[in-house]
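Novice: The following block contains the structure, expressed as structure tokens.
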There are 2 protein chains.
Amino acid sequence: MAPMKNASPVGDIQSAIRAAGARVTPARVRALAALRAASSPQTHAEIEETLAQEAHPAIDRVTLYRVLDWLCSAGLAHKAADARGVFRFSAAQPNVEHAGHVHFRCTGCGGVFCLKSPPPPAPALPRGFRLGGMALDIRGECPRCVRAHS
Amino acid sequence: MAPMKNASPVGDIQSAIRAAGARVTPARVRALAALRAASSPQTHAEIEETLAQEAHPAIDRVTLYRVLDWLCSAGLAHKAADARGVFRFSAAQPNVEHAGHVHFRCTGCGGVFCLKSPPPPAPALPRGFRLGGMALDIRGECPRCVRAHS
DNA sequence: ATTGCGGATGCAATTTTGTTGCATTAGTGC
DNA sequence: GCACTAATGCAACAAAATTGCATCCGCAAT
Ligand SMILES: [Mn+2]
Ligand SMILES: [Mn+2]
Ligand SMILES: [Zn+2]
Ligand SMILES: [Zn+2]
């Protein structure tokens with residue numbers, strides 16, 4: 001059993017959601033609160049189970065998927081596949097611009113860590129090619145998973 | 001600018017399988033050959049498609065899953081979830097031909113093209129982190145697909 | 001070369017994880 | 001409160017991976 005984090009004030013969560021230009025809904029507030037309270041990246045199933053124990057009405061499975069993806073697109077959370085290939089979500093550090101640096105994905109726990117390096121420049125393409133998109137996947141093990149592995 | 005091809009001697013593959021104490025079957029030989037010829041870690045679906053174009057009889061989907069897992073347990077291949085949460089397999093004895101440059105994947109035809117640019121340098125990691133691997137995914141359209149699209 | 005054993009395969013069914021379409025609900029600005 | 005439409009709930013779908021089991025075939029012994 002891992003240690004629990006401090007709960008984030010509900011007001012902070014609501015204003016974070018509003019600042020992202022979206023409506024403040026129970027699903028978003030509760031999902032983000034769950035992520036901020038978690039001590040490690042959580043799968044969709046884990047978050048669903050956590051929210052199910054909360055006495056509030058249940059949140060639909062698909063809605064939770066969409067809320068989690070929205071949190072990521074809003075920069076409020078990170079999404080990364082763990083060793084089993086299952087997505088894990090974690091709360092992003094608030095007030096940080098994540099576009100200017102690359103991220104490290106822990107293949108053990110699915111955690112996402114901000115690095116200092118900037119994204120690599122687009123490579124030169126031969127004539128006629130059209131660049132669609134680029135993604136740098138940096139993976140390895142975080143200190144905690146390195147210790148747990150040895 | 002055409003998709004690459006680089007084979008590993010069949011004898012090497014057969015003896016590698018035999019040395020692992022298992023039977024030499026078409027599925028194992030062809031799967032390992034495909035992995036060794038590949039320029040980057042391949043998904044199950046990609047390997048399946050590669051083998052399907054080989055004129056030999058098709059290999060069952062489940063058999064391929066089992067063969068790939070066996071190759072890993074025998075130490076002949078590695079398995080890791082990519083950023084999308086899909087498992088990718090790579091030969092343990094890597095194909096060094098493609099280590100020195102990055103690759104471009106056409107979203108139209110699925111072709112892979114070798115570029116001249118070297119892979120980006122490994123970013124500096126905070127203390128305690130262990131780098132596992134890096135993958136630069138460059139997507140877009142090849143000249144033929146660009147023309148066909150317009 | 002034949003035979004027999006059991007590892008390996010093929011096929012169907014199932015599970016897990018994640019997505020799409022669409023009608024209905026509810027958060028927000030007025 | 002009212003209107004607008006983002007967000008939700010539900011059902012269906014899809015992709016990726018696994019399980020069970022009958023059959024097959026690689027290969028060693030004969
Ligand atoms: Mn970041
Ligand atoms: Mn999956
Ligand atoms: Zn980790
Ligand atoms: Zn193309």
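Labels used: A, B, ... for chains in the order of the structure tokens, numbers from 1 for residues in each chain, and numbers from 1 for ligands as shown.
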Here's a check: after a least-squares fit over all in-order C-alpha atoms, write chain A in the frame of chain B, as a PDB file with C-alpha atoms, in the first residue's frame.

Specialist:
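Written output follows (out25.pdb):
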```pdb
ATOM      1  CA  MET A   1      -0.026  -3.727 -54.685  1.00  0.00           C
ATOM      2  CA  ALA A   2       3.526  -3.167 -53.577  1.00  0.00           C
ATOM      3  CA  PRO A   3       6.486  -5.080 -54.985  1.00  0.00           C
ATOM      4  CA  MET A   4       7.656  -8.231 -53.244  1.00  0.00           C
ATOM      5  CA  LYS A   5      11.072  -8.647 -51.728  1.00  0.00           C
ATOM      6  CA  ASN A   6      13.409 -11.579 -52.276  1.00  0.00           C
ATOM      7  CA  ALA A   7      12.900 -14.377 -49.843  1.00  0.00           C
ATOM      8  CA  SER A   8      15.610 -14.803 -47.258  1.00  0.00           C
ATOM      9  CA  PRO A   9      17.345 -18.237 -47.191  1.00  0.00           C
ATOM     10  CA  VAL A  10      15.938 -20.475 -44.485  1.00  0.00           C
ATOM     11  CA  GLY A  11      19.446 -21.243 -43.252  1.00  0.00           C
ATOM     12  CA  ASP A  12      20.112 -17.560 -42.617  1.00  0.00           C
ATOM     13  CA  ILE A  13      16.912 -17.281 -40.639  1.00  0.00           C
ATOM     14  CA  GLN A  14      17.672 -20.353 -38.569  1.00  0.00           C
ATOM     15  CA  SER A  15      21.176 -19.244 -37.722  1.00  0.00           C
ATOM     16  CA  ALA A  16      19.963 -15.748 -36.887  1.00  0.00           C
ATOM     17  CA  ILE A  17      17.529 -17.215 -34.396  1.00  0.00           C
ATOM     18  CA  ARG A  18      20.123 -19.593 -32.979  1.00  0.00           C
ATOM     19  CA  ALA A  19      22.662 -16.773 -32.730  1.00  0.00           C
ATOM     20  CA  ALA A  20      20.177 -14.928 -30.562  1.00  0.00           C
ATOM     21  CA  GLY A  21      20.388 -17.849 -28.146  1.00  0.00           C
ATOM     22  CA  ALA A  22      16.917 -19.258 -28.612  1.00  0.00           C
ATOM     23  CA  ARG A  23      15.298 -22.372 -29.990  1.00  0.00           C
ATOM     24  CA  VAL A  24      14.561 -22.645 -33.672  1.00  0.00           C
ATOM     25  CA  THR A  25      10.823 -23.176 -33.928  1.00  0.00           C
ATOM     26  CA  PRO A  26       8.461 -23.134 -36.899  1.00  0.00           C
ATOM     27  CA  ALA A  27       6.658 -20.091 -35.539  1.00  0.00           C
ATOM     28  CA  ARG A  28       9.861 -18.057 -35.323  1.00  0.00           C
ATOM     29  CA  VAL A  29      11.213 -19.160 -38.675  1.00  0.00           C
ATOM     30  CA  ARG A  30       7.978 -18.543 -40.517  1.00  0.00           C
ATOM     31  CA  ALA A  31       7.288 -15.208 -38.832  1.00  0.00           C
ATOM     32  CA  LEU A  32      10.763 -13.877 -39.550  1.00  0.00           C
ATOM     33  CA  ALA A  33      10.606 -15.164 -43.102  1.00  0.00           C
ATOM     34  CA  ALA A  34       7.311 -13.371 -43.583  1.00  0.00           C
ATOM     35  CA  LEU A  35       8.764 -10.131 -42.254  1.00  0.00           C
ATOM     36  CA  ARG A  36      11.828 -10.386 -44.484  1.00  0.00           C
ATOM     37  CA  ALA A  37       9.720 -11.114 -47.534  1.00  0.00           C
ATOM     38  CA  ALA A  38       7.344  -8.221 -46.878  1.00  0.00           C
ATOM     39  CA  SER A  39       7.858  -4.957 -48.714  1.00  0.00           C
ATOM     40  CA  SER A  40       6.344  -2.833 -45.945  1.00  0.00           C
ATOM     41  CA  PRO A  41       5.783  -3.067 -42.198  1.00  0.00           C
ATOM     42  CA  GLN A  42       3.099  -5.624 -41.367  1.00  0.00           C
ATOM     43  CA  THR A  43       0.456  -5.723 -38.668  1.00  0.00           C
ATOM     44  CA  HIS A  44      -0.057  -8.803 -36.544  1.00  0.00           C
ATOM     45  CA  ALA A  45      -3.280  -9.472 -38.450  1.00  0.00           C
ATOM     46  CA  GLU A  46      -1.537  -9.221 -41.811  1.00  0.00           C
ATOM     47  CA  ILE A  47       1.229 -11.592 -40.803  1.00  0.00           C
ATOM     48  CA  GLU A  48      -1.315 -14.003 -39.410  1.00  0.00           C
ATOM     49  CA  GLU A  49      -3.177 -13.994 -42.704  1.00  0.00           C
ATOM     50  CA  THR A  50       0.011 -14.490 -44.691  1.00  0.00           C
ATOM     51  CA  LEU A  51       1.006 -17.468 -42.566  1.00  0.00           C
ATOM     52  CA  ALA A  52      -2.486 -18.894 -42.758  1.00  0.00           C
ATOM     53  CA  GLN A  53      -2.145 -19.274 -46.528  1.00  0.00           C
ATOM     54  CA  GLU A  54       1.027 -21.307 -46.185  1.00  0.00           C
ATOM     55  CA  ALA A  55      -0.329 -24.848 -45.961  1.00  0.00           C
ATOM     56  CA  HIS A  56       1.718 -25.416 -42.819  1.00  0.00           C
ATOM     57  CA  PRO A  57      -0.337 -25.766 -39.647  1.00  0.00           C
ATOM     58  CA  ALA A  58      -1.708 -22.496 -38.305  1.00  0.00           C
ATOM     59  CA  ILE A  59       0.176 -20.583 -35.642  1.00  0.00           C
ATOM     60  CA  ASP A  60      -1.748 -19.535 -32.586  1.00  0.00           C
ATOM     61  CA  ARG A  61      -2.646 -15.866 -32.351  1.00  0.00           C
ATOM     62  CA  VAL A  62      -0.957 -15.385 -28.971  1.00  0.00           C
ATOM     63  CA  THR A  63       2.106 -17.322 -30.038  1.00  0.00           C
ATOM     64  CA  LEU A  64       2.478 -14.984 -32.991  1.00  0.00           C
ATOM     65  CA  TYR A  65       2.267 -11.967 -30.701  1.00  0.00           C
ATOM     66  CA  ARG A  66       4.937 -13.494 -28.484  1.00  0.00           C
ATOM     67  CA  VAL A  67       7.143 -14.494 -31.401  1.00  0.00           C
ATOM     68  CA  LEU A  68       6.970 -11.014 -32.894  1.00  0.00           C
ATOM     69  CA  ASP A  69       7.865  -9.418 -29.578  1.00  0.00           C
ATOM     70  CA  TRP A  70      10.697 -11.876 -29.143  1.00  0.00           C
ATOM     71  CA  LEU A  71      12.052 -11.034 -32.579  1.00  0.00           C
ATOM     72  CA  CYS A  72      12.105  -7.390 -31.495  1.00  0.00           C
ATOM     73  CA  SER A  73      13.799  -8.099 -28.180  1.00  0.00           C
ATOM     74  CA  ALA A  74      16.361 -10.167 -30.070  1.00  0.00           C
ATOM     75  CA  GLY A  75      17.067  -7.258 -32.397  1.00  0.00           C
ATOM     76  CA  LEU A  76      15.790  -9.147 -35.425  1.00  0.00           C
ATOM     77  CA  ALA A  77      12.727  -6.944 -35.949  1.00  0.00           C
ATOM     78  CA  HIS A  78      11.342  -3.510 -35.202  1.00  0.00           C
ATOM     79  CA  LYS A  79       7.920  -2.665 -33.791  1.00  0.00           C
ATOM     80  CA  ALA A  80       6.204   0.683 -34.256  1.00  0.00           C
ATOM     81  CA  ALA A  81       2.681   2.048 -34.147  1.00  0.00           C
ATOM     82  CA  ASP A  82       1.229   3.280 -37.410  1.00  0.00           C
ATOM     83  CA  ALA A  83      -1.228   6.152 -37.917  1.00  0.00           C
ATOM     84  CA  ARG A  84      -4.135   4.050 -36.681  1.00  0.00           C
ATOM     85  CA  GLY A  85      -2.308   3.148 -33.511  1.00  0.00           C
ATOM     86  CA  VAL A  86      -1.779  -0.435 -34.625  1.00  0.00           C
ATOM     87  CA  PHE A  87       1.648  -2.013 -34.216  1.00  0.00           C
ATOM     88  CA  ARG A  88       3.524  -2.864 -37.374  1.00  0.00           C
ATOM     89  CA  PHE A  89       6.547  -5.135 -37.504  1.00  0.00           C
ATOM     90  CA  SER A  90       9.455  -5.027 -39.900  1.00  0.00           C
ATOM     91  CA  ALA A  91      12.637  -7.068 -40.272  1.00  0.00           C
ATOM     92  CA  ALA A  92      15.721  -5.353 -38.891  1.00  0.00           C
ATOM     93  CA  GLN A  93      18.860  -5.065 -40.943  1.00  0.00           C
ATOM     94  CA  PRO A  94      20.934  -8.053 -39.866  1.00  0.00           C
ATOM     95  CA  ASN A  95      24.316  -7.566 -38.226  1.00  0.00           C
ATOM     96  CA  VAL A  96      23.560  -4.036 -37.040  1.00  0.00           C
ATOM     97  CA  GLU A  97      23.750  -2.919 -33.443  1.00  0.00           C
ATOM     98  CA  HIS A  98      20.669  -0.796 -32.874  1.00  0.00           C
ATOM     99  CA  ALA A  99      21.452   0.387 -29.357  1.00  0.00           C
ATOM    100  CA  GLY A 100      23.920   3.065 -30.448  1.00  0.00           C
ATOM    101  CA  HIS A 101      21.610   5.212 -32.522  1.00  0.00           C
ATOM    102  CA  VAL A 102      18.053   6.585 -32.466  1.00  0.00           C
ATOM    103  CA  HIS A 103      15.191   5.497 -34.658  1.00  0.00           C
ATOM    104  CA  PHE A 104      12.658   7.340 -36.773  1.00  0.00           C
ATOM    105  CA  ARG A 105       9.080   6.099 -36.777  1.00  0.00           C
ATOM    106  CA  CYS A 106       6.973   6.783 -39.846  1.00  0.00           C
ATOM    107  CA  THR A 107       3.500   7.753 -38.673  1.00  0.00           C
ATOM    108  CA  GLY A 108       2.108   6.717 -42.019  1.00  0.00           C
ATOM    109  CA  CYS A 109       3.310   3.179 -42.559  1.00  0.00           C
ATOM    110  CA  GLY A 110       4.796   2.291 -39.199  1.00  0.00           C
ATOM    111  CA  GLY A 111       8.247   1.818 -40.677  1.00  0.00           C
ATOM    112  CA  VAL A 112      11.334   2.135 -38.475  1.00  0.00           C
ATOM    113  CA  PHE A 113      14.456   3.787 -39.849  1.00  0.00           C
ATOM    114  CA  CYS A 114      17.889   3.925 -38.265  1.00  0.00           C
ATOM    115  CA  LEU A 115      19.339   7.430 -37.898  1.00  0.00           C
ATOM    116  CA  LYS A 116      22.966   8.327 -37.335  1.00  0.00           C
ATOM    117  CA  SER A 117      22.384  10.404 -34.204  1.00  0.00           C
ATOM    118  CA  PRO A 118      23.266   8.823 -30.859  1.00  0.00           C
ATOM    119  CA  PRO A 119      20.657   8.629 -28.101  1.00  0.00           C
ATOM    120  CA  PRO A 120      20.375  11.853 -26.073  1.00  0.00           C
ATOM    121  CA  PRO A 121      22.146  11.979 -22.696  1.00  0.00           C
ATOM    122  CA  ALA A 122      20.070  11.631 -19.554  1.00  0.00           C
ATOM    123  CA  PRO A 123      19.004  15.061 -18.282  1.00  0.00           C
ATOM    124  CA  ALA A 124      20.053  16.281 -14.864  1.00  0.00           C
ATOM    125  CA  LEU A 125      17.400  15.529 -12.276  1.00  0.00           C
ATOM    126  CA  PRO A 126      16.656  17.610  -9.161  1.00  0.00           C
ATOM    127  CA  ARG A 127      17.727  16.114  -5.853  1.00  0.00           C
ATOM    128  CA  GLY A 128      15.637  13.154  -4.713  1.00  0.00           C
ATOM    129  CA  PHE A 129      14.363  12.104  -8.106  1.00  0.00           C
ATOM    130  CA  ARG A 130      15.131   8.602  -9.337  1.00  0.00           C
ATOM    131  CA  LEU A 131      15.457   7.994 -13.059  1.00  0.00           C
ATOM    132  CA  GLY A 132      13.549   4.958 -14.253  1.00  0.00           C
ATOM    133  CA  GLY A 133      13.774   5.030 -18.019  1.00  0.00           C
ATOM    134  CA  MET A 134      13.948   7.265 -21.010  1.00  0.00           C
ATOM    135  CA  ALA A 135      12.576   6.940 -24.522  1.00  0.00           C
ATOM    136  CA  LEU A 136      12.914   9.287 -27.467  1.00  0.00           C
ATOM    137  CA  ASP A 137      10.086   9.050 -29.955  1.00  0.00           C
ATOM    138  CA  ILE A 138      11.030  10.646 -33.263  1.00  0.00           C
ATOM    139  CA  ARG A 139       8.146  10.556 -35.667  1.00  0.00           C
ATOM    140  CA  GLY A 140       7.290  11.859 -39.086  1.00  0.00           C
ATOM    141  CA  GLU A 141       6.855  10.534 -42.576  1.00  0.00           C
ATOM    142  CA  CYS A 142       9.225   8.450 -44.617  1.00  0.00           C
ATOM    143  CA  PRO A 143       9.919   9.455 -48.247  1.00  0.00           C
ATOM    144  CA  ARG A 144       7.440   6.968 -49.603  1.00  0.00           C
ATOM    145  CA  CYS A 145       4.626   8.167 -47.344  1.00  0.00           C
ATOM    146  CA  VAL A 146       5.525  11.815 -48.032  1.00  0.00           C
ATOM    147  CA  ARG A 147       5.066  11.157 -51.751  1.00  0.00           C
ATOM    148  CA  ALA A 148       1.865   9.180 -51.231  1.00  0.00           C
ATOM    149  CA  HIS A 149       0.461  12.034 -49.171  1.00  0.00           C
ATOM    150  CA  SER A 150       0.912  14.687 -51.852  1.00  0.00           C
TER     151      SER A 150
END
```

Novice: For the structure I just gave you, how does DSSP split region 55-147 of chain A - specifically, which residues are strand (DSSP E)? Reply as a list in words.

Specialist: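 Written out, the strand (DSSP E) residues of region 55-147 of chain A are Ala77, His78, Lys79, Ala80, Ala81, Phe87, Arg88, Phe89, Ser90, Ala91, His103, Phe104, Arg105, Cys106, Val112, Phe113, Cys114, Arg130, Leu131, Gly132, Gly133, Met134, Ala135, Leu136, Asp137, Ile138, Arg139, Gly140 and Glu141 of chain A.
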
Novice: Can you work out the spacing between C1' of DA12 (chain C) and C1' of DC13 (chain D) in Å, to one decimal?

Specialist: 19.9 Å

Novice: So what do you get for C1' of DA17 (chain D) versus C1' of DT19 (chain C), distance-wise?

Specialist: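 About the pair C1' of DA17 (chain D) and C1' of DT19 (chain C): they are 17.1 Å apart.
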
Novice: Can you work out which residues from chain D touch chain A at a cut-off of 9 Å (counting only C-alpha atoms (C1' of nucleotides)) and hand them back as an MDAnalysis selection string?

Specialist: chainID D and resid 6:10

Novice: Go through chain C and flag each residue having an atom no more than 8 Å from chain A; for those, report the closest pair of atoms plus their distance in Å to one decimal, using only C-alpha atoms (C1' of nucleotides), ordered by chain and rising number, as a Markdown table.

Specialist:
```
| residue | atom | partner | partner_atom | distance |
| --- | --- | --- | --- | --- |
| C:DT17 | C1' | A:Val86 | CA | 7.4 |
| C:DG27 | C1' | A:Arg23 | CA | 6.2 |
| C:DT28 | C1' | A:Arg23 | CA | 7.7 |
```

Novice: Taking only region 21-135 of chain A into account, list the residues labelled alpha helix (DSSP H) by DSSP (computed from the backbone), as a VMD selection string.

Specialist: chain A and resid 26 to 37 44 to 52 61 to 73

Novice: By how many Å are C1' of DA16 (chain D) and atom 1 (Zn, counted along the ligand's line) of ligand 3 apart?

Specialist: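 Between C1' of DA16 (chain D) and atom 1 (Zn, counted along the ligand's line) of ligand 3 the gap works out to 23.6 Å.
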
Novice: Excluding DA29 (chain D) and any residue of its chain fewer than 2 positions from it, enumerate the residues within 12 Å of it, using only C-alpha atoms (C1' of nucleotides), and give them as a list in words.

Specialist: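 So, after excluding close chain neighbours, the residues are DT2, DT3, DG4 and DC5 of chain C; DC27 of chain D.
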
Novice: Would you kindly return, as a PyMOL selection string, each protein, DNA or RNA residue with an atom no farther than 12 Å from any atom of DA13 (chain C), considering only C-alpha atoms (C1' of nucleotides) and excluding same-chain residues fewer than 5 positions away?

Specialist: chain D and resi 18-21
